[in-house]
Structure formats: C-alpha cells, structure tokens
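Q: The following file, my_file-v8.cif, comprises mmCIF, C-alpha atoms:
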```cif
data_upload
loop_
_atom_site.label_atom_id
_atom_site.label_comp_id
_atom_site.auth_asym_id
_atom_site.auth_seq_id
_atom_site.Cartn_x
_atom_site.Cartn_y
_atom_site.Cartn_z
CA MET A 1 90.21 115.74 85.53
CA GLY A 2 90.16 119.56 85.34
CA ILE A 3 93.12 121.61 84.16
CA VAL A 4 93.88 122.98 87.63
CA LYS A 5 93.80 119.54 89.28
CA THR A 6 95.89 118.08 86.49
CA GLY A 7 98.47 120.82 87.01
CA ILE A 8 98.61 120.24 90.76
CA VAL A 9 98.96 116.48 90.33
CA LEU A 10 101.76 116.87 87.78
CA LEU A 11 103.51 119.45 89.97
CA ILE A 12 103.52 117.11 92.96
CA GLY A 13 104.50 114.21 90.72
CA SER A 14 107.39 116.24 89.32
CA PHE A 15 108.62 116.97 92.84
CA TRP A 16 108.77 113.26 93.66
CA GLY A 17 110.18 112.56 90.20
CA SER A 18 113.08 114.94 90.84
CA ILE A 19 113.88 113.12 94.09
CA VAL A 20 113.81 109.78 92.26
CA LEU A 21 116.13 111.16 89.57
CA LEU A 22 118.64 112.57 92.06
CA ARG A 23 118.77 109.30 93.96
CA SER A 24 119.06 107.35 90.71
CA ILE A 25 121.96 109.49 89.51
CA PHE A 26 123.79 108.75 92.77
CA LEU A 27 123.18 105.00 92.38
CA ILE A 28 124.29 105.06 88.74
CA PHE A 29 127.64 106.49 89.79
CA THR A 30 128.10 103.90 92.55
CA ASP A 31 127.23 100.83 90.41
CA ARG A 32 126.29 101.84 86.88
CA ALA A 33 126.26 98.36 85.30
CA LYS A 34 124.02 96.85 87.96
CA PHE A 35 121.67 99.82 88.14
CA LEU A 36 121.06 100.07 84.39
CA ALA A 37 120.66 96.30 83.85
CA PHE A 38 117.39 94.97 82.46
CA ARG A 39 116.69 91.56 80.94
CA VAL A 40 113.56 90.27 79.24
CA ARG A 41 112.71 86.77 80.43
CA GLU A 42 111.71 84.53 77.53
CA THR A 43 110.64 81.48 79.53
CA PRO A 44 108.48 81.41 82.68
CA PRO A 45 109.92 79.66 85.74
CA SER A 46 108.55 76.24 86.60
CA CYS A 47 106.59 77.52 89.62
CA LEU A 48 104.07 79.07 87.20
CA SER A 49 103.34 75.87 85.30
CA ASP A 50 100.24 73.70 85.47
CA ASN A 51 100.35 71.23 88.34
CA ASP A 52 98.12 69.04 90.49
CA ILE A 53 96.52 72.15 92.05
CA TRP A 54 95.97 74.68 89.28
CA LYS A 55 95.52 74.84 85.52
CA HIS A 56 95.91 77.77 83.15
CA ASP A 57 93.12 78.98 80.88
CA SER A 58 91.68 82.19 79.42
CA ILE A 59 88.33 83.75 78.61
CA LYS A 60 87.59 86.27 75.85
CA LEU A 61 85.56 89.23 77.03
CA LYS A 62 84.19 92.11 74.94
CA ASP A 63 87.49 93.90 74.40
CA VAL A 64 90.16 91.85 76.23
CA LYS A 65 91.30 88.30 76.77
CA ILE A 66 91.61 87.53 80.48
CA HIS A 67 94.02 84.83 81.56
CA TYR A 68 93.20 82.91 84.71
CA VAL A 69 94.29 79.97 86.81
CA SER A 70 91.64 77.56 88.10
CA ALA A 71 91.69 75.05 90.94
CA GLY A 72 88.99 72.81 92.35
CA ASP A 73 85.76 71.18 91.21
CA PRO A 74 83.80 73.24 88.63
CA ASN A 75 80.60 72.17 90.38
CA LYS A 76 81.63 73.89 93.61
CA PRO A 77 80.74 77.55 94.40
CA LEU A 78 82.99 80.14 92.79
CA MET A 79 85.72 81.91 94.76
CA LEU A 80 87.17 84.66 92.57
CA PHE A 81 90.54 86.27 93.37
CA LEU A 82 91.62 89.76 92.24
CA HIS A 83 95.30 90.67 92.68
CA GLY A 84 96.94 94.06 93.19
CA PHE A 85 99.93 96.09 91.97
CA PRO A 86 102.55 95.06 91.01
CA GLU A 87 101.29 91.50 91.05
CA PHE A 88 99.46 88.83 89.05
CA TRP A 89 97.50 85.64 89.78
CA PHE A 90 100.47 83.97 91.51
CA SER A 91 100.01 86.18 94.60
CA TRP A 92 97.11 83.86 95.53
CA ARG A 93 99.07 80.58 95.35
CA TYR A 94 98.59 79.83 99.07
CA GLN A 95 94.85 80.50 98.94
CA LEU A 96 94.38 78.44 95.77
CA ARG A 97 95.91 75.45 97.55
CA GLU A 98 93.83 75.98 100.67
CA PHE A 99 90.36 76.63 99.28
CA CYS A 100 90.26 74.47 96.14
CA LYS A 101 88.85 71.61 98.27
CA ASP A 102 85.63 73.54 98.90
CA TYR A 103 85.38 76.04 96.04
CA ARG A 104 86.01 76.46 92.36
CA CYS A 105 88.92 78.87 92.80
CA ILE A 106 89.65 81.27 89.93
CA ALA A 107 92.57 83.71 90.15
CA ILE A 108 92.61 86.06 87.19
CA ASP A 109 95.29 88.26 85.72
CA MET A 110 93.47 91.57 85.63
CA ARG A 111 93.60 93.41 82.33
CA GLY A 112 97.08 94.82 81.77
CA PHE A 113 98.75 92.24 84.03
CA GLY A 114 100.34 88.83 83.60
CA ASP A 115 99.18 86.92 80.54
CA SER A 116 95.99 88.93 80.06
CA ASP A 117 95.72 91.44 77.23
CA LYS A 118 97.39 94.82 77.73
CA PRO A 119 95.41 97.35 75.68
CA SER A 120 97.21 100.60 74.90
CA GLY A 121 95.84 103.82 76.38
CA MET A 122 94.90 104.96 79.87
CA HIS A 123 91.15 104.90 79.21
CA HIS A 124 91.25 101.10 79.03
CA TYR A 125 92.02 101.00 82.75
CA GLU A 126 89.24 103.17 84.14
CA MET A 127 87.27 101.73 87.04
CA GLY A 128 84.15 101.13 84.96
CA LYS A 129 86.04 98.81 82.62
CA LEU A 130 87.67 96.98 85.52
CA THR A 131 84.38 96.25 87.27
CA THR A 132 82.80 95.20 83.97
CA ASP A 133 85.63 92.68 83.50
CA VAL A 134 84.78 91.08 86.84
CA LYS A 135 81.09 90.88 85.94
CA ASP A 136 81.86 89.37 82.54
CA VAL A 137 84.25 86.80 84.00
CA ILE A 138 81.70 85.60 86.57
CA GLU A 139 78.91 85.32 84.01
CA GLY A 140 81.19 84.07 81.23
CA LEU A 141 82.33 81.17 83.40
CA GLY A 142 78.70 80.23 84.02
CA TYR A 143 78.22 81.42 87.61
CA LYS A 144 75.50 83.58 89.14
CA ALA A 145 77.55 84.83 92.09
CA CYS A 146 80.88 84.39 93.87
CA THR A 147 82.84 84.85 97.03
CA LEU A 148 85.05 87.76 95.97
CA VAL A 149 88.56 87.90 97.47
CA ALA A 150 90.72 90.88 96.58
CA HIS A 151 93.93 92.71 97.53
CA ASP A 152 95.37 96.16 96.77
CA TRP A 153 94.12 97.37 93.34
CA GLY A 154 91.99 94.26 93.08
CA ALA A 155 90.39 95.28 96.37
CA ALA A 156 89.70 98.79 95.09
CA VAL A 157 87.88 97.18 92.15
CA ALA A 158 86.09 94.75 94.49
CA TRP A 159 84.72 97.53 96.72
CA SER A 160 83.17 99.20 93.68
CA PHE A 161 81.99 95.92 92.19
CA ALA A 162 80.29 94.80 95.41
CA TYR A 163 78.37 98.08 95.50
CA GLU A 164 77.41 98.15 91.81
CA HIS A 165 76.74 94.41 91.38
CA ALA A 166 75.73 93.19 94.84
CA ASP A 167 73.62 90.45 93.24
CA LEU A 168 76.83 88.81 91.95
CA VAL A 169 78.56 88.77 95.34
CA ASP A 170 77.78 86.27 98.12
CA LYS A 171 80.57 87.40 100.43
CA LEU A 172 83.36 89.96 100.13
CA ILE A 173 86.89 89.52 101.49
CA ILE A 174 89.14 92.59 101.30
CA LEU A 175 92.88 92.66 102.01
CA ASN A 176 94.74 95.89 102.74
CA VAL A 177 92.83 98.47 100.75
CA PRO A 178 90.18 100.75 102.27
CA HIS A 179 86.74 101.59 100.99
CA SER A 180 87.13 104.56 98.64
CA ARG A 181 85.03 106.81 100.86
CA ALA A 182 87.14 105.89 103.91
CA ARG A 183 90.28 106.88 102.00
CA HIS A 184 88.66 110.23 101.23
CA ASP A 185 87.38 110.78 104.79
CA ASN A 186 90.59 109.84 106.60
CA PHE A 187 93.26 111.24 104.33
CA SER A 188 96.05 112.66 106.51
CA PHE A 189 99.44 114.28 106.00
CA LYS A 190 101.02 110.95 106.98
CA GLN A 191 98.95 109.22 104.31
CA PHE A 192 99.86 111.93 101.79
CA LEU A 193 103.56 111.22 102.31
CA ALA A 194 102.97 107.44 102.19
CA SER A 195 101.11 107.87 98.88
CA TRP A 196 103.98 109.68 97.14
CA TYR A 197 104.21 106.98 94.46
CA ILE A 198 100.63 107.68 93.27
CA MET A 199 101.61 111.22 92.26
CA PHE A 200 104.92 110.01 90.87
CA PHE A 201 103.08 107.49 88.68
CA GLN A 202 101.21 110.33 86.96
CA LEU A 203 104.40 111.29 85.12
CA PRO A 204 105.13 109.79 81.69
CA TYR A 205 108.01 107.33 81.05
CA LEU A 206 109.99 107.93 84.25
CA PRO A 207 107.93 105.58 86.46
CA GLU A 208 108.34 102.73 83.96
CA TRP A 209 112.10 103.24 83.88
CA TYR A 210 112.20 103.43 87.67
CA MET A 211 110.42 100.09 88.04
CA ARG A 212 112.66 98.36 85.46
CA ARG A 213 115.94 99.70 86.83
CA GLY A 214 118.47 97.29 88.26
CA ASP A 215 116.83 94.36 86.43
CA GLN A 216 113.59 95.05 88.33
CA MET A 217 115.24 95.01 91.74
CA ILE A 218 112.02 96.66 92.94
CA PHE A 219 110.56 93.19 93.59
CA ASN A 220 113.29 92.23 96.04
CA TRP A 221 112.73 95.51 97.85
CA LEU A 222 108.94 95.25 97.90
CA PHE A 223 108.68 91.65 99.07
CA ASN A 224 111.87 90.72 100.91
CA LYS A 225 113.25 93.95 102.39
CA PRO A 226 111.78 95.52 105.54
CA PRO A 227 109.85 97.68 106.08
CA SER A 228 107.96 97.05 102.82
CA GLY A 229 108.35 93.29 102.94
CA ARG A 230 109.77 90.56 105.14
CA GLU A 231 113.05 88.73 104.59
CA GLY A 232 112.46 85.41 102.84
CA MET A 233 108.78 86.05 102.18
CA VAL A 234 109.22 85.30 98.46
CA THR A 235 111.76 82.77 97.17
CA PRO A 236 114.32 83.58 94.44
CA GLU A 237 112.38 81.45 91.93
CA GLU A 238 109.16 83.28 92.80
CA ILE A 239 110.92 86.63 92.35
CA GLU A 240 111.87 85.39 88.88
CA ALA A 241 108.17 84.75 88.21
CA TRP A 242 107.45 88.43 88.86
CA LYS A 243 110.43 89.52 86.78
CA TYR A 244 109.31 87.26 83.95
CA GLN A 245 105.80 88.75 83.86
CA PHE A 246 106.87 92.37 84.18
CA SER A 247 109.72 92.13 81.68
CA GLN A 248 107.20 91.54 78.89
CA PRO A 249 106.49 94.41 76.46
CA GLY A 250 104.14 97.05 77.85
CA ALA A 251 103.74 95.32 81.22
CA TRP A 252 104.83 98.21 83.41
CA THR A 253 102.93 100.85 81.42
CA SER A 254 99.63 98.99 81.57
CA ALA A 255 100.06 98.31 85.29
CA ILE A 256 100.92 101.92 86.13
CA ASN A 257 97.98 103.09 83.99
CA TYR A 258 95.68 101.90 86.80
CA TYR A 259 96.95 104.87 88.80
CA ARG A 260 96.89 107.26 85.87
CA ALA A 261 93.35 106.41 84.82
CA ASN A 262 91.81 106.47 88.30
CA ILE A 263 93.44 109.41 90.08
CA ARG A 264 89.93 110.74 90.73
CA THR A 265 87.53 108.01 91.83
CA ASP A 266 83.89 108.23 90.74
CA ARG A 267 81.83 109.11 93.83
CA LYS A 268 78.95 107.01 92.50
CA GLN A 269 81.03 103.98 93.45
CA TRP A 270 81.36 105.04 97.10
CA GLY A 271 78.14 103.52 98.45
CA LYS A 272 77.68 101.27 101.48
CA ILE A 273 78.36 97.53 101.06
CA THR A 274 75.38 95.35 101.96
CA LYS A 275 76.99 91.91 101.64
CA PRO A 276 78.85 90.17 104.52
CA THR A 277 82.38 91.58 104.44
CA LEU A 278 85.69 90.53 105.94
CA ILE A 279 88.55 93.04 106.05
CA ILE A 280 91.98 91.51 106.67
CA TRP A 281 94.62 94.15 107.36
CA GLY A 282 98.38 93.78 107.74
CA VAL A 283 99.22 96.52 110.22
CA ARG A 284 102.82 96.85 108.99
CA ASP A 285 101.62 98.33 105.69
CA ILE A 286 103.89 101.28 104.84
CA ALA A 287 101.65 102.58 102.03
CA LEU A 288 98.22 102.60 103.74
CA THR A 289 97.62 103.65 107.33
CA GLU A 290 95.59 101.59 109.78
CA LEU A 291 93.19 104.53 110.12
CA LEU A 292 91.92 103.78 106.61
CA CYS A 293 91.03 100.25 107.68
CA ASP A 294 89.09 101.52 110.69
CA GLY A 295 87.31 104.11 108.56
CA SER A 296 86.06 101.46 106.15
CA VAL A 297 83.88 99.79 108.78
CA LYS A 298 81.08 102.38 108.67
CA TYR A 299 80.63 101.77 104.94
CA CYS A 300 79.76 98.10 105.50
CA GLU A 301 76.45 96.90 106.91
CA ASP A 302 77.85 93.53 108.05
CA VAL A 303 81.60 93.51 108.61
CA ILE A 304 84.35 91.69 110.50
CA VAL A 305 87.87 93.17 110.76
CA LYS A 306 90.94 91.02 111.39
CA LYS A 307 94.27 92.80 111.91
CA LEU A 308 97.46 90.79 111.51
CA ASP A 309 101.09 91.53 112.29
CA ALA A 310 101.94 91.52 108.60
CA THR A 311 103.05 93.76 105.75
CA HIS A 312 100.93 95.05 102.87
CA TRP A 313 101.43 91.67 101.12
CA VAL A 314 99.43 90.01 103.87
CA MET A 315 98.22 86.89 101.98
CA GLN A 316 101.85 86.03 101.12
CA ASP A 317 103.38 87.28 104.35
CA LYS A 318 101.08 85.36 106.73
CA PRO A 319 99.20 82.90 104.48
CA ASP A 320 98.21 80.49 107.26
CA GLU A 321 96.72 83.27 109.38
CA VAL A 322 94.92 84.77 106.38
CA ASN A 323 93.49 81.39 105.43
CA LYS A 324 92.33 80.83 109.02
CA CYS A 325 90.57 84.21 109.09
CA MET A 326 88.90 83.44 105.79
CA ARG A 327 87.75 79.99 106.91
CA GLU A 328 86.21 81.34 110.12
CA PHE A 329 84.39 84.05 108.17
CA LEU A 330 83.14 81.69 105.48
CA ALA A 331 81.88 79.22 108.08
#
```
As structure tokens, how would this structure be written, given the file I've shared?

A:
Amino acid sequence: MGIVKTGIVLLIGSFWGSIVLLRSIFLIFTDRAKFLAFRVRETPPSCLSDNDIWKHDSIKLKDVKIHYVSAGDPNKPLMLFLHGFPEFWFSWRYQLREFCKDYRCIAIDMRGFGDSDKPSGMHHYEMGKLTTDVKDVIEGLGYKACTLVAHDWGAAVAWSFAYEHADLVDKLIILNVPHSRARHDNFSFKQFLASWYIMFFQLPYLPEWYMRRGDQMIFNWLFNKPPSGREGMVTPEEIEAWKYQFSQPGAWTSAINYYRANIRTDRKQWGKITKPTLIIWGVRDIALTELLCDGSVKYCEDVIVKKLDATHWVMQDKPDEVNKCMREFLA
C-alpha cells in the first residue's frame, strides 16, 4: 500500500480508535473489574470433542499445519467448509451433521484460527497464501475438486479461489460476503460507516485489547445480542468454545491480521465466476449491506440467490433454512 493510502487508513482507524478508547474509559469507571477481566482457557469444552459425527485431524502444508474436522465417508465427494471472523470450524456444526450422509465434509481452521498454526507477521495472511492453503488442502487430502462452502472471510477467500482455481471447484456456496468487485462497485456511505471496524483493525495492539476486554464479552454481543446476533443463537457452552480458542496466545493478532494484510484486494482476483454458485444472504447483516449481495450477481455466470431473515451468522442463525437452500441447489 502506498504512503498516502497508508496515512489515510491509519487516520480513519485512529478516529475510530479514539471513539473505542473513550467508550472503554467510561465502561472501566462503571465496572472496572468486569471490563478488564481476561482468562485463558486451558481445556476445551466438551462440545468440541470427537463424537459420532466428526473427528479431529490435521494436515501439514508447505508452511503451516492446518487443523480440520471431518465427517462422512471418505469415498464420498468432498464438501469443504471455510469459516469467517471471528470464528473457527465449529461455526459449521449444523452443516456437518446435515451433509455428512452424502459428502465427505471437511471444516478447516484457516491459518491463524483455532488449532491451526498461527505464523507471526501480516504477510502470512495475504490472499495469495490463503487461496494456496485451500488448494493444498484439497489436493493433500486426495481430491480433485470439491463443493466449496464459505462464510465471511472464508467466503472472500472462496470467491478468489473459485476464480483462480475453477478446476478444483464443482459448485460454490457463499454466505454473507460479496464478490470483491461488487464490494468495490457498490461501496456507499452507509457501507463505509458499517465497515468502521476494518479501519480500526489497521491499528496496532488496540484492536486485540478491545476484543479481549471483559473476558471476550465480544462473543456474547456478536452472537446473542441484537442487532448483530439473535438471543439464544449460541449456547453458553458454545460461547465458551469461542472463548477457549481465542484466549490462546496470538489468536486475536493472527485473526485480525486478515484485515491488515488484505486492506487492498488484488484486482487480478476480481474475475467472473464460471461455476454454479449459490449466494445465501442474511438480510439482517449489520456489517454488509444487501446491495453488495445484489451486486455480486453480475460477476457469476450461473447463480442463485437466497435471502433469509437472518443475521450475518446465517448458518448458525437459521441452520435449517440454510441447509434446505443448500440441498435444493446441490440437487
């Protein structure tokens, strides 16, 4: 990124950072002990363990070890799941249960997340490395192609991957992230305000502290508090699963580095998608406007759009409806 653009990004990020600091100072005075609390979880909750549906494993790629959970018959076609931010493989628990009868379901922890390696340095999280990870996982597991299902940051990677490596994708299922070109074409003032956190994440140190504050109370707000989430969407034990993963050393820095490393997307990755594509969009998303969903259609040659009355976390918010949309598309 050029010096001028870097300066502008940091200036905007500093503006949002000052707002975060002022609000944090107020909260510290109202409940200092609760706000400053943070606890590292040593033991994962039982909901993450191996069971009759899924098993844990890992694969060593060129420069990282990728952890994944598998479900279903290895002789079935591959359905590969890519999660978003701030998430990990567990976001796909409902889809793993549903589709393991017909597919070999693999939900990975993308590099920097969950139990996958967390290399130090922003350059390890550039889009080129993320798409290469997907390619290496597919081929390393012995498959020639997959049905690729992706949400949020995973979906951003999937859009690029489906363009660059169309031969490795049978069908593409995208949840609540637009095609990169559509984001560029339809960027509005409303979207600028909704994307405040992207600029804030460009700052050093402060974003990590912000996400850890209050013993990572961010997860309760994101998943279970309207308008970001829906009350009761994620159980207390499942919230503990997120807190366990993101309390590990370096977890927040590596996750936020996705935003720092990819503030300017490579235009070479903005081509039209030729494979059959399903876009599932929760219209209650407070971070991404519906206009971005609509704008993605013209960058797909063969596309179906399904809009659901759901939040950004659509596959957890309305899992039965998402699974139904997927089944109809796959049929």

Q: Contacts of stretch 68-77 of chain A at 7 Å or less, counting all atoms listed in the file, minus same-chain residues fewer than 5 places along, as a list of chain:residue names?

A: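 So, after excluding close chain neighbours, the residues are A:Ile53, A:Trp54, A:Lys55, A:His56, A:Asp57, A:Ser58, A:Leu96, A:Cys100, A:Lys101, A:Asp102, A:Tyr103, A:Arg104, A:Cys105, A:Ile106, A:Ala107, A:Ile108, A:Asp109, A:Cys146.
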
Q: Based on the selection just made, write C-alpha atoms of those residues as a PDB file, keeping the file's coordinate frame.

A:
```pdb
ATOM      1  CA  ILE A  53      96.520  72.150  92.050  1.00  0.00           C
ATOM      2  CA  TRP A  54      95.970  74.680  89.280  1.00  0.00           C
ATOM      3  CA  LYS A  55      95.520  74.840  85.520  1.00  0.00           C
ATOM      4  CA  HIS A  56      95.910  77.770  83.150  1.00  0.00           C
ATOM      5  CA  ASP A  57      93.120  78.980  80.880  1.00  0.00           C
ATOM      6  CA  SER A  58      91.680  82.190  79.420  1.00  0.00           C
ATOM      7  CA  LEU A  96      94.380  78.440  95.770  1.00  0.00           C
ATOM      8  CA  CYS A 100      90.260  74.470  96.140  1.00  0.00           C
ATOM      9  CA  LYS A 101      88.850  71.610  98.270  1.00  0.00           C
ATOM     10  CA  ASP A 102      85.630  73.540  98.900  1.00  0.00           C
ATOM     11  CA  TYR A 103      85.380  76.040  96.040  1.00  0.00           C
ATOM     12  CA  ARG A 104      86.010  76.460  92.360  1.00  0.00           C
ATOM     13  CA  CYS A 105      88.920  78.870  92.800  1.00  0.00           C
ATOM     14  CA  ILE A 106      89.650  81.270  89.930  1.00  0.00           C
ATOM     15  CA  ALA A 107      92.570  83.710  90.150  1.00  0.00           C
ATOM     16  CA  ILE A 108      92.610  86.060  87.190  1.00  0.00           C
ATOM     17  CA  ASP A 109      95.290  88.260  85.720  1.00  0.00           C
ATOM     18  CA  CYS A 146      80.880  84.390  93.870  1.00  0.00           C
TER      19      CYS A 146
END
```

Q: Using all atoms listed in the file, can you tell me which of A:Leu48, A:Cys325, A:Ala251, A:Ala166 comes closest to A:Phe85?

A: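 Using all atoms listed in the file, the shortest distance to A:Phe85 belongs to A:Ala251.
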
Q: Go ahead and compute the interatomic distance for atom CA of A:Asp117 and atom CA of A:Ser228, in Å to one decimal.

A: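 Computing it gives 28.9 Å between the two atoms.
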
Q: Atom CA of A:Ser247 and atom CA of A:Asp136 are how many Å apart?

A: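 Pair atom CA of A:Ser247 / atom CA of A:Asp136 returns 28.0 Å.
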
Q: Give, as lines of an AutoDock Vina configuration file, the centre coordinates and the x, y and z edge lengths in Å to one decimal for an axis-aligned box around all listed atoms of stretch 226-235 of chain A, padded by 3 Å on each side.

A:
```
center_x = 110.5
center_y = 90.2
center_z = 101.6
size_x = 11.1
size_y = 20.9
size_z = 14.9
```

Q: From the options A:Asn323, A:Phe187, A:Thr311, A:Val305, which residue's atoms come nearest to A:Lys225, counting all atoms listed in the file?

A: A:Thr311

Q: Give me the result of the PyMOL selection byres ((chain A and resi 300) around 12) on this file, residue by residue, as an MDAnalysis selection string.

A: chainID A and resid 159 162:163 171:174 178:182 270:279 293:299 301:305

Q: Please compute the atom CA of A:Arg284-atom CA of A:Gln245 distance, one decimal, in Å.

A: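 Going from atom CA of A:Arg284 over to atom CA of A:Gln245, I get 26.6 Å.
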
Q: Determine the nearest neighbour of A:Pro227 from the options A:Val283, A:Pro119, A:Gln202, A:Ile239, counting all atoms listed in the file.

A: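 For A:Pro227, the nearest of the given residues is A:Val283.
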
Q: Using only C-alpha atoms, find the one residue out of A:Pro207, A:Gly128, A:Gly112, A:Gly140 that sits nearest to A:Ser18.

A: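 The shortest atom-to-atom distance to A:Ser18 comes from A:Pro207.
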
Q: Report as a list in words all protein, DNA and RNA residues lying within 10 Å of A:Thr235, evaluated on only C-alpha atoms, omitting residues in the same chain fewer than 5 positions from it.

A: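 The residues that qualify are Asn220, Phe223, Asn224, Glu240 and Ala241 of chain A.
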
Q: Could you save the residues just selected, with C-alpha atoms, as a short mmCIF file (atom, residue, chain, number, x, y, z; two decimals), in the frame of the given file?

A:
```cif
data_model
loop_
_atom_site.label_atom_id
_atom_site.label_comp_id
_atom_site.auth_asym_id
_atom_site.auth_seq_id
_atom_site.Cartn_x
_atom_site.Cartn_y
_atom_site.Cartn_z
CA ASN A 220 113.29 92.23 96.04
CA PHE A 223 108.68 91.65 99.07
CA ASN A 224 111.87 90.72 100.91
CA GLU A 240 111.87 85.39 88.88
CA ALA A 241 108.17 84.75 88.21
#
```
